[in-house]
$ cat model_8.pdb   # PDB, C-alpha atoms
ATOM      1  CA  MET B   2     -78.017 166.104 136.915  1.00  0.00           C
ATOM      2  CA  THR B   3     -81.635 165.591 135.921  1.00  0.00           C
ATOM      3  CA  ILE B   4     -82.806 165.407 132.321  1.00  0.00           C
ATOM      4  CA  ALA B   5     -84.630 168.739 132.693  1.00  0.00           C
ATOM      5  CA  THR B   6     -81.474 170.402 134.009  1.00  0.00           C
ATOM      6  CA  GLU B   7     -79.384 168.982 131.184  1.00  0.00           C
ATOM      7  CA  ARG B   8     -81.918 170.180 128.614  1.00  0.00           C
ATOM      8  CA  LEU B   9     -81.942 173.663 130.161  1.00  0.00           C
ATOM      9  CA  LEU B  10     -78.172 173.930 129.924  1.00  0.00           C
ATOM     10  CA  GLN B  11     -78.157 172.579 126.356  1.00  0.00           C
ATOM     11  CA  HIS B  12     -80.962 174.897 125.283  1.00  0.00           C
ATOM     12  CA  ARG B  13     -79.257 178.013 126.661  1.00  0.00           C
ATOM     13  CA  GLN B  14     -75.803 177.596 125.107  1.00  0.00           C
ATOM     14  CA  PHE B  15     -73.650 180.583 124.241  1.00  0.00           C
ATOM     15  CA  ALA B  16     -70.887 181.109 121.729  1.00  0.00           C
ATOM     16  CA  ALA B  17     -67.938 178.929 122.648  1.00  0.00           C
ATOM     17  CA  PRO B  18     -65.120 181.060 124.099  1.00  0.00           C
ATOM     18  CA  GLU B  19     -61.764 179.499 124.857  1.00  0.00           C
ATOM     19  CA  GLY B  20     -61.617 177.399 128.009  1.00  0.00           C
ATOM     20  CA  GLU B  21     -64.970 175.696 127.642  1.00  0.00           C
ATOM     21  CA  ALA B  22     -65.344 172.058 128.503  1.00  0.00           C
ATOM     22  CA  PHE B  23     -67.484 169.910 126.240  1.00  0.00           C
ATOM     23  CA  GLY B  24     -68.734 172.865 124.178  1.00  0.00           C
ATOM     24  CA  ARG B  25     -70.417 174.827 126.972  1.00  0.00           C
ATOM     25  CA  PRO B  26     -69.171 177.316 129.532  1.00  0.00           C
ATOM     26  CA  VAL B  27     -67.839 176.041 132.834  1.00  0.00           C
ATOM     27  CA  LEU B  28     -68.214 179.439 134.517  1.00  0.00           C
ATOM     28  CA  TYR B  29     -70.890 182.045 133.818  1.00  0.00           C
ATOM     29  CA  ARG B  30     -70.756 185.747 134.520  1.00  0.00           C
ATOM     30  CA  VAL B  31     -73.832 187.050 136.327  1.00  0.00           C
ATOM     31  CA  ALA B  32     -75.186 188.500 133.062  1.00  0.00           C
ATOM     32  CA  ASP B  33     -74.913 185.094 131.378  1.00  0.00           C
ATOM     33  CA  ALA B  34     -76.550 183.343 134.346  1.00  0.00           C
ATOM     34  CA  MET B  35     -79.376 185.884 134.092  1.00  0.00           C
ATOM     35  CA  SER B  36     -79.968 184.738 130.533  1.00  0.00           C
ATOM     36  CA  VAL B  37     -79.634 181.020 131.302  1.00  0.00           C
ATOM     37  CA  LEU B  38     -82.073 181.185 134.224  1.00  0.00           C
ATOM     38  CA  SER B  39     -84.331 183.895 132.734  1.00  0.00           C
ATOM     39  CA  MET B  40     -84.011 185.954 135.919  1.00  0.00           C
ATOM     40  CA  SER B  41     -83.150 189.546 136.686  1.00  0.00           C
ATOM     41  CA  ARG B  42     -79.816 190.706 138.066  1.00  0.00           C
ATOM     42  CA  THR B  43     -81.484 191.528 141.389  1.00  0.00           C
ATOM     43  CA  VAL B  44     -82.966 188.042 141.704  1.00  0.00           C
ATOM     44  CA  ILE B  45     -79.613 186.407 140.874  1.00  0.00           C
ATOM     45  CA  TYR B  46     -77.850 188.428 143.585  1.00  0.00           C
ATOM     46  CA  ASP B  47     -80.679 187.686 146.052  1.00  0.00           C
ATOM     47  CA  LEU B  48     -80.199 183.955 145.381  1.00  0.00           C
ATOM     48  CA  ILE B  49     -76.445 184.318 145.908  1.00  0.00           C
ATOM     49  CA  ARG B  50     -76.946 186.192 149.194  1.00  0.00           C
ATOM     50  CA  ALA B  51     -79.464 183.584 150.382  1.00  0.00           C
ATOM     51  CA  GLY B  52     -76.992 180.778 149.617  1.00  0.00           C
ATOM     52  CA  ARG B  53     -79.279 179.165 147.040  1.00  0.00           C
ATOM     53  CA  LEU B  54     -76.903 179.853 144.127  1.00  0.00           C
ATOM     54  CA  ARG B  55     -73.207 179.089 144.664  1.00  0.00           C
ATOM     55  CA  THR B  56     -70.517 181.336 143.194  1.00  0.00           C
ATOM     56  CA  VAL B  57     -66.745 181.568 142.973  1.00  0.00           C
ATOM     57  CA  LYS B  58     -64.493 184.595 142.665  1.00  0.00           C
ATOM     58  CA  GLU B  59     -61.646 185.041 140.238  1.00  0.00           C
ATOM     59  CA  GLY B  60     -59.971 188.326 141.004  1.00  0.00           C
ATOM     60  CA  ARG B  61     -62.804 190.842 141.248  1.00  0.00           C
ATOM     61  CA  ALA B  62     -65.186 188.833 139.070  1.00  0.00           C
ATOM     62  CA  ARG B  63     -68.041 186.852 140.638  1.00  0.00           C
ATOM     63  CA  LEU B  64     -68.633 183.745 138.532  1.00  0.00           C
ATOM     64  CA  ILE B  65     -71.304 181.076 138.708  1.00  0.00           C
ATOM     65  CA  PRO B  66     -70.195 177.512 137.922  1.00  0.00           C
ATOM     66  CA  ALA B  67     -72.390 175.579 135.480  1.00  0.00           C
ATOM     67  CA  SER B  68     -72.679 172.926 138.200  1.00  0.00           C
ATOM     68  CA  ALA B  69     -74.138 175.544 140.582  1.00  0.00           C
ATOM     69  CA  ILE B  70     -76.808 176.434 138.009  1.00  0.00           C
ATOM     70  CA  ALA B  71     -77.641 172.738 137.599  1.00  0.00           C
ATOM     71  CA  GLU B  72     -77.806 172.325 141.396  1.00  0.00           C
ATOM     72  CA  TYR B  73     -80.137 175.323 141.700  1.00  0.00           C
ATOM     73  CA  VAL B  74     -82.483 173.968 139.019  1.00  0.00           C
ATOM     74  CA  ALA B  75     -82.463 170.555 140.752  1.00  0.00           C
ATOM     75  CA  LEU B  76     -83.312 172.318 144.044  1.00  0.00           C
ATOM     76  CA  LEU B  77     -86.270 174.015 142.363  1.00  0.00           C
ATOM     77  CA  GLU B  78     -87.426 170.659 140.998  1.00  0.00           C
ATOM     78  CA  ARG B  79     -87.212 169.026 144.455  1.00  0.00           C
ATOM     79  CA  GLU B  80     -89.122 171.920 146.007  1.00  0.00           C
ATOM     80  CA  ALA B  81     -91.807 171.687 143.307  1.00  0.00           C
ATOM     81  CA  VAL B  82     -92.311 167.978 144.024  1.00  0.00           C
ATOM     82  CA  GLY B  83     -92.598 168.719 147.759  1.00  0.00           C
ATOM     83  CA  GLN B  84     -95.365 171.277 147.167  1.00  0.00           C
ATOM     84  CA  ARG B  85     -97.701 168.847 145.399  1.00  0.00           C
TER      85      ARG B  85
END
$ encode --input "model_8.pdb" --output "structure tokens"
Amino acid sequence: MTIATERLLQHRQFAAPEGEAFGRPVLYRVADAMSVLSMSRTVIYDLIRAGRLRTVKEGRARLIPASAIAEYVALLEREAVGQR
């Protein structure tokens, strides 16, 4: 995980519900991921459909692992370096 990714996840912390590891959520609901990434619901689902943002399902709920958010931010960073 890059320093920028770590800072993003630290900056966008939520209240600590039960089941968190190390004081931050392990799984985010789509609404929480929207807030963390500052993106709309439509964009989040477009990223999921395109395979750029990994999800898991628990029952009927679609959840986004914190590691998937970090991987997506790292992907954006790699793409930004490639465009220079």
$ residues_around --input "model_8.pdb" --residues "Ile65 of chain B" --least-positions-apart "4" --cutoff "6 Å" --atoms "all atoms listed in the file" --output "list in words"
Leu28, Tyr29 and Thr56 of chain B
$ write_last_selection --input "model_8.pdb" --atoms "C-alpha atoms" --output "short mmCIF file (atom, residue, chain, number, x, y, z; two decimals), in the frame of the given file"
data_model
loop_
_atom_site.label_atom_id
_atom_site.label_comp_id
_atom_site.auth_asym_id
_atom_site.auth_seq_id
_atom_site.Cartn_x
_atom_site.Cartn_y
_atom_site.Cartn_z
CA LEU B 28 -68.21 179.44 134.52
CA TYR B 29 -70.89 182.04 133.82
CA THR B 56 -70.52 181.34 143.19
#
$ atom_distance --input "model_8.pdb" --atom1 "atom CA of Ser36 of chain B" --atom2 "atom CA of Val82 of chain B"
24.8 Å
$ atom_distance --input "model_8.pdb" --atom1 "atom CA of Met40 of chain B" --atom2 "atom CA of Arg25 of chain B"
19.7 Å
$ atom_distance --input "model_8.pdb" --atom1 "atom CA of Pro26 of chain B" --atom2 "atom CA of Leu54 of chain B"
16.7 Å
$ residues_around --input "model_8.pdb" --residues "Leu38 of chain B" --least-positions-apart "2" --cutoff "9 Å" --atoms "all atoms listed in the file" --output "PyMOL selection string"
chain B and resi 9+13+33-36+40-41+45+70+74
$ closest_residue --input "model_8.pdb" --among "B:Gly52, B:Ala32, B:Asp47, B:Val37" --to "Ala71 of chain B" --atoms "all atoms listed in the file"
B:Val37
$ closest_residue --input "model_8.pdb" --among "B:Arg42, B:Arg55, B:Arg30, B:Arg50" --to "Tyr73 of chain B" --atoms "all atoms listed in the file"
B:Arg55
$ residues_near_point --input "model_8.pdb" --point "(-68.1, 174.7, 138.2)" --cutoff "7 Å" --atoms "all atoms listed in the file" --output "list in words"
Val27, Leu28, Pro66, Ala67, Ser68 and Ala69 of chain B
